[in-house]
$ cat entry.pdb   # PDB, C-alpha atoms
ATOM      1  CA  VAL A   1     -18.084-223.457-276.678
ATOM      2  CA  ILE A   2     -15.945-225.050-273.947
ATOM      3  CA  PHE A   3     -14.611-227.713-276.318
ATOM      4  CA  LEU A   4     -13.922-225.188-279.109
ATOM      5  CA  THR A   5     -12.220-222.621-276.865
ATOM      6  CA  THR A   6     -10.158-225.215-275.024
ATOM      7  CA  SER A   7      -9.059-226.952-278.224
ATOM      8  CA  LEU A   8      -7.856-223.685-279.764
ATOM      9  CA  CYS A   9      -6.009-222.741-276.579
ATOM     10  CA  LYS A  10      -4.431-226.188-276.345
ATOM     11  CA  LEU A  11      -3.194-225.705-279.912
ATOM     12  CA  LEU A  12      -1.787-222.275-279.054
ATOM     13  CA  MET A  13      -0.064-223.436-275.870
ATOM     14  CA  GLY A  14       0.912-226.953-276.911
ATOM     15  CA  VAL A  15       2.009-226.438-280.514
ATOM     16  CA  CYS A  16       2.797-222.747-280.968
ATOM     17  CA  ASN A  17       4.342-222.661-277.494
ATOM     18  CA  LYS A  18       5.464-225.296-275.020
ATOM     19  CA  VAL A  19       4.033-225.912-271.542
ATOM     20  CA  GLU A  20       5.802-228.209-269.105
ATOM     21  CA  TYR A  21       4.143-229.459-265.924
ATOM     22  CA  VAL A  22       6.345-230.847-263.170
ATOM     23  CA  GLN A  23       4.675-234.257-263.019
ATOM     24  CA  ASP A  24       5.281-235.216-259.416
ATOM     25  CA  ASP A  25       2.863-236.635-256.825
ATOM     26  CA  ARG A  26       1.259-233.208-256.330
ATOM     27  CA  TYR A  27       0.493-232.890-260.030
ATOM     28  CA  HIS A  28      -1.030-236.377-260.160
ATOM     29  CA  PHE A  29      -3.140-235.601-257.083
ATOM     30  CA  LEU A  30      -4.535-232.545-258.875
ATOM     31  CA  MET A  31      -5.366-234.629-261.952
ATOM     32  CA  LYS A  32      -7.070-237.234-259.774
ATOM     33  CA  THR A  33      -9.052-234.614-257.843
ATOM     34  CA  MET A  34     -10.071-232.902-261.062
ATOM     35  CA  ARG A  35     -11.555-236.164-262.335
ATOM     36  CA  HIS A  36     -12.845-237.889-259.221
ATOM     37  CA  ARG A  37     -14.106-236.347-255.977
ATOM     38  CA  PRO A  38     -16.841-237.408-253.567
ATOM     39  CA  ALA A  39     -20.206-235.949-254.574
ATOM     40  CA  GLY A  40     -20.617-232.388-253.374
ATOM     41  CA  VAL A  41     -16.912-231.789-252.624
ATOM     42  CA  PRO A  42     -15.640-228.711-254.489
ATOM     43  CA  LEU A  43     -12.186-228.225-255.958
ATOM     44  CA  LEU A  44     -10.689-224.752-255.554
ATOM     45  CA  THR A  45      -7.467-224.026-257.456
ATOM     46  CA  VAL A  46      -5.438-220.836-257.073
ATOM     47  CA  CYS A  47      -2.337-219.589-258.872
ATOM     48  CA  ASN A  48      -0.290-216.511-259.685
ATOM     49  CA  HIS A  49      -1.488-214.308-262.555
ATOM     50  CA  GLN A  50       1.257-213.640-265.130
ATOM     51  CA  SER A  51      -0.816-212.725-268.180
ATOM     52  CA  SER A  52      -4.299-212.046-269.483
ATOM     53  CA  LEU A  53      -4.054-215.394-271.285
ATOM     54  CA  ASP A  54      -3.550-217.472-268.133
ATOM     55  CA  ASP A  55      -7.199-218.381-268.491
ATOM     56  CA  PRO A  56      -8.202-219.797-270.926
ATOM     57  CA  GLY A  57      -4.686-220.326-272.354
ATOM     58  CA  LEU A  58      -2.746-221.926-269.514
ATOM     59  CA  MET A  59      -5.834-223.451-267.893
ATOM     60  CA  SER A  60      -6.730-225.202-271.166
ATOM     61  CA  SER A  61      -3.287-226.775-271.369
ATOM     62  CA  LEU A  62      -3.839-228.122-267.842
ATOM     63  CA  LEU A  63      -7.078-229.926-268.740
ATOM     64  CA  PRO A  64      -6.942-233.566-269.900
ATOM     65  CA  TRP A  65      -9.160-234.313-272.901
ATOM     66  CA  ASP A  66     -11.530-236.525-270.890
ATOM     67  CA  VAL A  67     -12.216-233.556-268.574
ATOM     68  CA  ILE A  68     -12.777-231.213-271.523
ATOM     69  CA  MET A  69     -15.347-233.648-272.924
ATOM     70  CA  THR A  70     -17.301-233.483-269.643
ATOM     71  CA  PRO A  71     -18.395-229.866-269.057
ATOM     72  CA  SER A  72     -19.509-230.624-265.492
ATOM     73  CA  ARG A  73     -15.836-231.272-264.627
ATOM     74  CA  VAL A  74     -14.460-228.120-266.274
ATOM     75  CA  ARG A  75     -13.501-225.216-264.045
ATOM     76  CA  TRP A  76     -15.661-222.165-263.387
ATOM     77  CA  ALA A  77     -13.808-218.852-263.295
ATOM     78  CA  ILE A  78     -14.379-215.143-262.769
ATOM     79  CA  ALA A  79     -13.121-212.268-264.904
ATOM     80  CA  THR A  80     -13.204-208.495-264.677
ATOM     81  CA  GLN A  81     -16.550-207.269-265.913
ATOM     82  CA  ASP A  82     -15.354-204.119-267.702
ATOM     83  CA  ILE A  83     -12.587-205.871-269.678
ATOM     84  CA  VAL A  84     -13.753-209.397-270.410
ATOM     85  CA  PHE A  85     -17.497-208.686-270.470
ATOM     86  CA  PRO A  86     -17.924-205.686-272.798
ATOM     87  CA  LYS A  87     -21.441-204.508-273.613
ATOM     88  CA  LYS A  88     -21.739-206.918-276.516
ATOM     89  CA  PRO A  89     -24.307-209.714-276.022
ATOM     90  CA  ILE A  90     -22.462-212.171-278.265
ATOM     91  CA  VAL A  91     -19.230-211.804-276.245
ATOM     92  CA  GLN A  92     -21.106-212.042-272.950
ATOM     93  CA  SER A  93     -22.860-215.212-274.134
ATOM     94  CA  PHE A  94     -19.564-216.730-275.308
ATOM     95  CA  MET A  95     -17.857-216.082-271.969
ATOM     96  CA  THR A  96     -20.788-217.430-269.958
ATOM     97  CA  CYS A  97     -20.952-220.590-272.085
ATOM     98  CA  GLY A  98     -17.237-220.981-271.387
ATOM     99  CA  GLN A  99     -18.074-221.097-267.658
ATOM    100  CA  VAL A 100     -16.651-217.664-266.870
ATOM    101  CA  LEU A 101     -18.660-215.269-264.720
ATOM    102  CA  PRO A 102     -18.184-211.491-264.429
ATOM    103  CA  VAL A 103     -16.898-209.803-261.297
ATOM    104  CA  HIS A 104     -16.682-206.081-260.628
ATOM    105  CA  ARG A 105     -13.110-204.973-259.916
ATOM    106  CA  GLY A 106     -13.102-202.764-256.839
ATOM    107  CA  GLY A 107     -16.534-203.994-255.778
ATOM    108  CA  GLY A 108     -15.216-205.531-252.578
ATOM    109  CA  ILE A 109     -15.889-208.975-251.159
ATOM    110  CA  ASP A 110     -19.594-208.368-250.518
ATOM    111  CA  HIS A 111     -20.828-207.629-254.015
ATOM    112  CA  ALA A 112     -23.501-209.812-255.593
ATOM    113  CA  LEU A 113     -21.444-211.154-258.509
ATOM    114  CA  LEU A 114     -19.071-212.930-256.137
ATOM    115  CA  LEU A 115     -22.029-214.627-254.458
ATOM    116  CA  ASP A 116     -23.160-215.973-257.836
ATOM    117  CA  PHE A 117     -19.694-217.457-258.332
ATOM    118  CA  ALA A 118     -19.612-218.861-254.794
ATOM    119  CA  ARG A 119     -22.795-220.839-255.444
ATOM    120  CA  HIS A 120     -20.945-222.897-258.073
ATOM    121  CA  MET A 121     -18.257-223.865-255.573
ATOM    122  CA  ALA A 122     -20.868-224.609-252.937
ATOM    123  CA  ALA A 123     -22.496-227.002-255.416
ATOM    124  CA  GLY A 124     -19.311-229.095-255.505
ATOM    125  CA  ARG A 125     -17.868-227.825-258.783
ATOM    126  CA  TRP A 126     -14.310-226.902-259.664
ATOM    127  CA  VAL A 127     -13.635-223.160-259.435
ATOM    128  CA  HIS A 128     -10.410-221.300-260.131
ATOM    129  CA  VAL A 129      -9.295-217.974-258.633
ATOM    130  CA  PHE A 130      -6.367-215.609-259.208
ATOM    131  CA  PRO A 131      -6.005-214.175-255.685
ATOM    132  CA  GLU A 132      -3.682-211.373-256.852
ATOM    133  CA  ALA A 133      -6.785-210.062-258.678
ATOM    134  CA  ARG A 134      -4.752-208.593-261.533
ATOM    135  CA  VAL A 135      -1.845-209.483-263.826
ATOM    136  CA  VAL A 136       1.597-209.151-262.189
ATOM    137  CA  GLN A 137       4.676-209.504-264.425
ATOM    138  CA  THR A 138       7.553-208.790-262.010
ATOM    139  CA  GLY A 139       8.067-212.481-261.271
ATOM    140  CA  CYS A 140       7.112-212.016-257.610
ATOM    141  CA  LEU A 141       3.712-212.766-256.119
ATOM    142  CA  ALA A 142       1.488-209.652-255.776
ATOM    143  CA  THR A 143       4.471-207.350-256.116
ATOM    144  CA  ASP A 144       4.176-204.621-258.740
ATOM    145  CA  VAL A 145       3.268-200.942-258.970
ATOM    146  CA  LEU A 146      -0.472-201.591-258.682
ATOM    147  CA  THR A 147      -0.633-204.541-256.266
ATOM    148  CA  LYS A 148       2.251-204.074-253.843
ATOM    149  CA  ARG A 149       0.995-202.961-250.429
ATOM    150  CA  ASP A 150       3.184-201.008-248.026
ATOM    151  CA  ARG A 151       4.874-202.976-245.261
ATOM    152  CA  GLU A 152       2.385-202.066-242.528
ATOM    153  CA  GLU A 153      -0.650-202.947-244.646
ATOM    154  CA  GLU A 154       0.962-206.156-245.875
ATOM    155  CA  GLU A 155       1.671-207.264-242.299
ATOM    156  CA  LYS A 156      -1.934-206.554-241.383
ATOM    157  CA  ARG A 157      -3.769-207.835-244.478
ATOM    158  CA  GLY A 158      -1.280-209.987-246.379
ATOM    159  CA  LYS A 159      -0.494-209.710-250.080
ATOM    160  CA  LEU A 160      -3.608-211.267-251.589
ATOM    161  CA  LYS A 161      -7.282-210.362-251.875
ATOM    162  CA  TRP A 162      -9.669-211.845-249.338
ATOM    163  CA  GLY A 163     -12.272-213.184-251.770
ATOM    164  CA  THR A 164     -10.667-216.627-251.738
ATOM    165  CA  GLY A 165     -10.997-216.751-247.973
ATOM    166  CA  LYS A 166     -14.663-215.828-248.163
ATOM    167  CA  LEU A 167     -15.371-218.577-250.711
ATOM    168  CA  VAL A 168     -13.772-221.161-248.419
ATOM    169  CA  ALA A 169     -15.379-219.902-245.201
ATOM    170  CA  HIS A 170     -18.957-220.037-246.478
ATOM    171  CA  SER A 171     -18.794-223.234-248.518
ATOM    172  CA  PRO A 172     -21.158-225.858-247.055
ATOM    173  CA  VAL A 173     -18.549-228.547-247.762
ATOM    174  CA  PRO A 174     -14.815-227.814-247.291
ATOM    175  CA  PRO A 175     -13.123-227.572-250.708
ATOM    176  CA  VAL A 176      -9.958-229.323-251.781
ATOM    177  CA  LEU A 177      -7.739-226.249-252.143
ATOM    178  CA  ILE A 178      -4.745-226.743-254.457
ATOM    179  CA  PRO A 179      -2.235-224.024-255.436
ATOM    180  CA  PHE A 180       0.009-224.016-258.479
ATOM    181  CA  TYR A 181       2.615-221.560-259.754
ATOM    182  CA  HIS A 182       3.842-220.841-263.259
ATOM    183  CA  PHE A 183       6.522-218.894-265.094
ATOM    184  CA  GLY A 184       6.676-217.954-268.767
ATOM    185  CA  MET A 185       3.220-216.581-269.542
ATOM    186  CA  CYS A 186       4.502-212.994-269.447
ATOM    187  CA  GLY A 187       6.479-213.928-272.559
ATOM    188  CA  VAL A 188       3.388-215.301-274.297
ATOM    189  CA  LEU A 189       1.281-212.174-273.731
ATOM    190  CA  PRO A 190       3.398-209.240-272.500
ATOM    191  CA  GLN A 191       2.066-205.933-271.210
ATOM    192  CA  TYR A 192       3.442-202.403-271.525
ATOM    193  CA  ASN A 193       4.106-202.041-267.770
ATOM    194  CA  GLU A 194       5.367-198.470-267.979
ATOM    195  CA  PHE A 195       4.557-195.022-266.728
ATOM    196  CA  ARG A 196       3.036-192.616-269.241
ATOM    197  CA  GLU A 197       1.907-189.040-269.127
ATOM    198  CA  GLY A 198      -1.822-188.402-269.497
ATOM    199  CA  LYS A 199      -3.506-185.487-271.238
ATOM    200  CA  ASP A 200      -3.733-183.722-267.888
ATOM    201  CA  GLY A 201       0.042-183.969-267.452
ATOM    202  CA  GLN A 202      -0.251-186.562-264.683
ATOM    203  CA  LYS A 203       1.699-189.804-264.879
ATOM    204  CA  TYR A 204      -0.175-193.097-264.824
ATOM    205  CA  PHE A 205       0.883-196.731-264.978
ATOM    206  CA  HIS A 206      -0.004-198.179-268.372
ATOM    207  CA  ASN A 207      -0.197-201.954-268.155
ATOM    208  CA  ASN A 208      -2.443-202.840-271.063
ATOM    209  CA  VAL A 209      -1.591-205.843-273.230
ATOM    210  CA  VAL A 210       0.959-204.967-275.936
ATOM    211  CA  SER A 211      -0.888-207.072-278.516
ATOM    212  CA  TRP A 212      -3.651-209.649-278.293
ATOM    213  CA  ASN A 213      -1.745-211.724-280.852
ATOM    214  CA  PRO A 214       0.193-214.093-278.545
ATOM    215  CA  ASN A 215       3.906-214.649-279.072
ATOM    216  CA  TRP A 216       5.038-217.991-280.461
ATOM    217  CA  GLY A 217       7.989-220.112-279.456
ATOM    218  CA  GLN A 218       7.680-219.397-275.741
ATOM    219  CA  ARG A 219       8.142-221.877-272.925
ATOM    220  CA  VAL A 220       6.034-222.078-269.773
ATOM    221  CA  LYS A 221       6.623-224.217-266.695
ATOM    222  CA  VAL A 222       4.123-225.086-263.961
ATOM    223  CA  TRP A 223       4.627-226.388-260.417
ATOM    224  CA  VAL A 224       1.717-227.827-258.378
ATOM    225  CA  GLY A 225       1.731-227.520-254.600
ATOM    226  CA  ASP A 226       0.375-229.453-251.640
ATOM    227  CA  PRO A 227      -3.291-228.920-250.699
ATOM    228  CA  VAL A 228      -3.805-225.990-248.339
ATOM    229  CA  GLU A 229      -5.575-226.968-245.117
ATOM    230  CA  THR A 230      -7.964-224.380-243.659
ATOM    231  CA  GLN A 231     -10.635-226.312-241.779
ATOM    232  CA  ASP A 232      -8.882-225.812-238.434
ATOM    233  CA  LEU A 233      -9.242-222.036-238.876
ATOM    234  CA  ILE A 234     -12.975-222.378-239.543
ATOM    235  CA  ASP A 235     -13.449-224.756-236.586
ATOM    236  CA  GLU A 236     -11.626-222.326-234.297
ATOM    237  CA  TYR A 237     -13.738-219.397-235.536
ATOM    238  CA  GLU A 238     -17.024-221.266-235.061
ATOM    239  CA  ALA A 239     -16.038-222.421-231.586
ATOM    240  CA  LEU A 240     -15.640-218.773-230.560
ATOM    241  CA  ASN A 241     -18.319-217.056-232.651
ATOM    242  CA  GLY A 242     -20.916-219.647-233.571
ATOM    243  CA  PRO A 243     -21.693-221.275-236.945
ATOM    244  CA  LEU A 244     -20.855-219.444-240.141
ATOM    245  CA  TRP A 245     -23.615-218.851-242.673
ATOM    246  CA  LYS A 246     -23.250-221.364-245.501
ATOM    247  CA  ILE A 247     -24.171-220.690-249.117
ATOM    248  CA  SER A 248     -27.385-222.262-250.335
ATOM    249  CA  THR A 249     -27.348-224.215-253.598
ATOM    250  CA  GLU A 250     -31.123-224.437-253.906
ATOM    251  CA  GLY A 251     -32.727-223.410-257.216
ATOM    252  CA  SER A 252     -33.480-219.907-258.423
ATOM    253  CA  PRO A 253     -34.616-217.879-255.398
ATOM    254  CA  SER A 254     -37.407-215.326-255.465
ATOM    255  CA  GLU A 255     -36.399-211.665-255.553
ATOM    256  CA  GLU A 256     -37.160-211.406-251.845
ATOM    257  CA  GLU A 257     -35.139-214.498-250.958
ATOM    258  CA  TYR A 258     -32.240-213.359-253.136
ATOM    259  CA  GLN A 259     -32.144-210.052-251.287
ATOM    260  CA  LYS A 260     -32.040-211.928-247.985
ATOM    261  CA  ARG A 261     -29.068-213.918-249.248
ATOM    262  CA  LEU A 262     -27.323-210.724-250.293
ATOM    263  CA  ASP A 263     -27.879-209.295-246.822
ATOM    264  CA  ARG A 264     -26.366-212.428-245.246
ATOM    265  CA  TRP A 265     -23.497-212.219-247.731
ATOM    266  CA  LYS A 266     -22.280-208.990-246.110
ATOM    267  CA  SER A 267     -19.222-209.747-244.020
ATOM    268  CA  SER A 268     -18.704-208.819-240.392
ATOM    269  CA  ASP A 269     -15.353-207.616-239.084
ATOM    270  CA  LYS A 270     -14.859-210.954-237.339
ATOM    271  CA  GLU A 271     -15.511-212.822-240.578
ATOM    272  CA  LYS A 272     -12.994-210.624-242.408
ATOM    273  CA  GLU A 273     -10.375-211.625-239.861
ATOM    274  CA  LEU A 274     -11.129-215.256-240.693
ATOM    275  CA  TYR A 275     -10.873-214.577-244.445
ATOM    276  CA  SER A 276      -7.498-212.942-243.840
ATOM    277  CA  SER A 277      -6.239-215.987-241.910
ATOM    278  CA  ILE A 278      -7.374-218.342-244.678
ATOM    279  CA  VAL A 279      -5.780-216.237-247.415
ATOM    280  CA  LEU A 280      -2.508-216.033-245.473
ATOM    281  CA  ARG A 281      -2.381-219.843-245.665
ATOM    282  CA  VAL A 282      -2.954-219.601-249.422
ATOM    283  CA  GLN A 283      -0.265-216.925-249.686
ATOM    284  CA  ARG A 284       2.255-219.101-247.870
ATOM    285  CA  GLY A 285       1.467-221.999-250.196
ATOM    286  CA  LEU A 286       2.002-219.861-253.286
ATOM    287  CA  GLU A 287       5.155-218.263-251.885
ATOM    288  CA  GLU A 288       6.636-221.683-251.157
ATOM    289  CA  LEU A 289       5.861-222.702-254.744
ATOM    290  CA  GLU A 290       7.475-219.498-256.023
ATOM    291  CA  ARG A 291      10.645-220.253-254.060
ATOM    292  CA  ARG A 292      10.641-223.834-255.326
ATOM    293  CA  ALA A 293      10.167-222.681-258.921
ATOM    294  CA  LYS A 294      13.003-220.166-258.676
ATOM    295  CA  ARG A 295      15.316-222.749-257.110
ATOM    296  CA  ASP A 296      14.544-225.174-259.932
ATOM    297  CA  LEU A 297      15.170-222.549-262.609
ATOM    298  CA  ALA A 298      18.389-221.419-260.916
ATOM    299  CA  ALA A 299      19.660-225.002-260.774
ATOM    300  CA  LYS A 300      18.540-225.774-264.329
ATOM    301  CA  PRO A 301      18.154-222.510-266.273
ATOM    302  CA  HIS A 302      16.127-222.431-269.455
ATOM    303  CA  PRO A 303      16.506-219.292-271.602
ATOM    304  CA  GLY A 304      13.107-219.859-273.215
ATOM    305  CA  ILE A 305      11.209-219.307-269.943
ATOM    306  CA  LYS A 306      10.705-215.591-269.332
ATOM    307  CA  THR A 307      10.121-215.254-265.613
ATOM    308  CA  PHE A 308       9.448-211.512-265.516
ATOM    309  CA  CYS A 309       9.078-208.332-267.582
ATOM    310  CA  GLY A 310      12.008-205.952-267.214
ATOM    311  CA  ARG A 311       9.798-202.883-267.655
ATOM    312  CA  SER A 312       7.562-204.010-264.813
ATOM    313  CA  VAL A 313      10.565-204.511-262.522
ATOM    314  CA  ARG A 314      11.985-201.077-263.394
ATOM    315  CA  ALA A 315       8.634-199.390-262.818
ATOM    316  CA  LEU A 316       8.301-201.035-259.399
ATOM    317  CA  GLN A 317      11.817-200.122-258.321
ATOM    318  CA  SER A 318      11.403-196.534-259.512
ATOM    319  CA  THR A 319       8.509-196.084-257.075
ATOM    320  CA  LYS A 320       9.574-198.493-254.322
ATOM    321  CA  PRO A 321      13.373-198.807-254.430
ATOM    322  CA  ASP A 322      13.447-200.780-251.183
ATOM    323  CA  VAL A 323      11.625-203.691-252.864
ATOM    324  CA  LYS A 324      14.065-206.238-254.273
ATOM    325  CA  VAL A 325      12.769-208.519-257.013
ATOM    326  CA  THR A 326      14.726-211.769-257.128
ATOM    327  CA  VAL A 327      14.819-214.717-259.477
ATOM    328  CA  GLY A 328      16.770-217.774-258.448
ATOM    329  CA  GLY A 329      18.167-216.019-255.386
ATOM    330  CA  VAL A 330      19.692-213.093-257.284
ATOM    331  CA  GLN A 331      18.282-209.673-258.044
ATOM    332  CA  ALA A 332      16.335-209.661-261.301
ATOM    333  CA  LEU A 333      18.307-208.581-264.332
ATOM    334  CA  ASP A 334      16.750-206.316-266.932
ATOM    335  CA  PHE A 335      15.423-208.138-269.976
ATOM    336  CA  GLY A 336      15.923-204.960-272.023
ATOM    337  CA  LEU A 337      13.302-202.856-273.767
ATOM    338  CA  GLY A 338      13.227-205.153-276.758
ATOM    339  CA  GLN A 339      12.248-208.167-274.661
ATOM    340  CA  GLN A 340       9.078-208.744-272.669
TER     341      GLN A 340
END
$ encode --input "entry.pdb" --output "structure tokens"
Amino acid sequence: VIFLTTSLCKLLMGVCNKVEYVQDDRYHFLMKTMRHRPAGVPLLTVCNHQSSLDDPGLMSSLLPWDVIMTPSRVRWAIATQDIVFPKKPIVQSFMTCGQVLPVHRGGGIDHALLLDFARHMAAGRWVHVFPEARVVQTGCLATDVLTKRDREEEEKRGKLKWGTGKLVAHSPVPPVLIPFYHFGMCGVLPQYNEFREGKDGQKYFHNNVVSWNPNWGQRVKVWVGDPVETQDLIDEYEALNGPLWKISTEGSPSEEEYQKRLDRWKSSDKEKELYSSIVLRVQRGLEELERRAKRDLAAKPHPGIKTFCGRSVRALQSTKPDVKVTVGGVQALDFGLGQQ
């Protein structure tokens, strides 16, 4: 299933569309880490989430063929249970065989499905996370109608979800944490990103995919960042509060033992502060990549790379006019209703 899915997605992204990776030292370090790491050392990659085809579409284009041919090297991912895991056994089996696990949106950082995912990282595998936790097509990290927090909350909690911080904090071996940033996927699989009126007369933000038939002839560009260091935050926490509980990778636990693990999985307020500190480091890494990407595109524009959806920008600015969405140092221009 992994080989079939990845091959089809490589065809879609490499032939029907065009993906360019900035092949600098950071990119080559990611390729090296993907292929060769000390036994037991996990790889954790994070990136912005521009479309519902980022994984498997973009992720498949990232994978070299020798990695695809070795399932133990291929990334593990999580996806929203209600959308990607419908109540159809054949679809659920397909997704699981593709090394994608379900997660319950809105379930918080303590729910059991996240623990199942964390065990794969603790075992030294490659896992990938979208820390925005939903698709954002404004061209700015975690900044749209549904994800943008108010200024006070953002200063307190940051822009991103804390699940990434929890994965890092409780891993028995520190992961190699590598961010990357991409533009163009919102052109491959656009969303409606508009307010509509429901049957009850109330407005709601409709951001479903326009069509699951991807657009052809699009261009996507990807920038890889420096590894994000977090061990100093964990060392500082443990010096003050004692050792953190680390995830066990032992075989299938009994029902009683599994319940004990779930109880330990519940986060204390102190631990949440640590998760927040870790995720702020991740946020800074992604924001630096976003700035770098926008500088590159401003210096060398390419009309085939759609960096944002005009409807999404308009919707955001209609509700939060103080938020300025910029691309290349200038305020985002409207793509127009006919463009995505």
$ closest_residue --input "entry.pdb" --among "A:Gln202, A:Tyr181, A:Asn208, A:Glu255" --to "Ala293 in chain A" --atoms "all atoms listed in the file"
A:Tyr181
$ resolve_selection --input "entry.pdb" --expression "the PyMOL selection byres ((chain A and resi 65) around 12)" --output "number ranges by chain"
A: 2-3, 6-7, 10, 31, 34-35, 60-64, 66-71, 73-74
$ write_last_selection --input "entry.pdb" --atoms "C-alpha atoms" --output "PDB file, keeping the file's coordinate frame"
ATOM      1  CA  ILE A   2     -15.945-225.050-273.947  1.00  0.00           C
ATOM      2  CA  PHE A   3     -14.611-227.713-276.318  1.00  0.00           C
ATOM      3  CA  THR A   6     -10.158-225.215-275.024  1.00  0.00           C
ATOM      4  CA  SER A   7      -9.059-226.952-278.224  1.00  0.00           C
ATOM      5  CA  LYS A  10      -4.431-226.188-276.345  1.00  0.00           C
ATOM      6  CA  MET A  31      -5.366-234.629-261.952  1.00  0.00           C
ATOM      7  CA  MET A  34     -10.071-232.902-261.062  1.00  0.00           C
ATOM      8  CA  ARG A  35     -11.555-236.164-262.335  1.00  0.00           C
ATOM      9  CA  SER A  60      -6.730-225.202-271.166  1.00  0.00           C
ATOM     10  CA  SER A  61      -3.287-226.775-271.369  1.00  0.00           C
ATOM     11  CA  LEU A  62      -3.839-228.122-267.842  1.00  0.00           C
ATOM     12  CA  LEU A  63      -7.078-229.926-268.740  1.00  0.00           C
ATOM     13  CA  PRO A  64      -6.942-233.566-269.900  1.00  0.00           C
ATOM     14  CA  ASP A  66     -11.530-236.525-270.890  1.00  0.00           C
ATOM     15  CA  VAL A  67     -12.216-233.556-268.574  1.00  0.00           C
ATOM     16  CA  ILE A  68     -12.777-231.213-271.523  1.00  0.00           C
ATOM     17  CA  MET A  69     -15.347-233.648-272.924  1.00  0.00           C
ATOM     18  CA  THR A  70     -17.301-233.483-269.643  1.00  0.00           C
ATOM     19  CA  PRO A  71     -18.395-229.866-269.057  1.00  0.00           C
ATOM     20  CA  ARG A  73     -15.836-231.272-264.627  1.00  0.00           C
ATOM     21  CA  VAL A  74     -14.460-228.120-266.274  1.00  0.00           C
TER      22      VAL A  74
END
$ closest_residue --input "entry.pdb" --among "A:Asp150, A:Asp110, A:Asp232, A:Asp116" --to "Asp263 in chain A" --atoms "only C-alpha atoms"
A:Asp110
$ axis_aligned_box --input "entry.pdb" --around "range 148-163 of chain A" --padding-each-side "4 Å" --output "JSON"
{"center_x": -3.7, "center_y": -207.1, "center_z": -247.6, "size_x": 25.1, "size_y": 20.2, "size_z": 20.5}
$ atom_distance --input "entry.pdb" --atom1 "CA of Arg311 in chain A" --atom2 "CA of Ala133 in chain A"
20.2 Å
$ closest_residue --input "entry.pdb" --among "A:Lys294, A:Gly217, A:Glu257, A:Lys266" --to "Gly14 in chain A" --atoms "all atoms listed in the file"
A:Gly217
$ closest_residue --input "entry.pdb" --among "A:Gln218, A:Ser52, A:Ser312, A:Ser277" --to "Glu20 in chain A" --atoms "all atoms listed in the file"
A:Gln218
$ atom_distance --input "entry.pdb" --atom1 "CA of Leu316 in chain A" --atom2 "CA of Thr138 in chain A"
8.2 Å
$ closest_residue --input "entry.pdb" --among "A:His170, A:Gly304, A:Ala112, A:Trp76" --to "Gln259 in chain A" --atoms "all atoms listed in the file"
A:Ala112
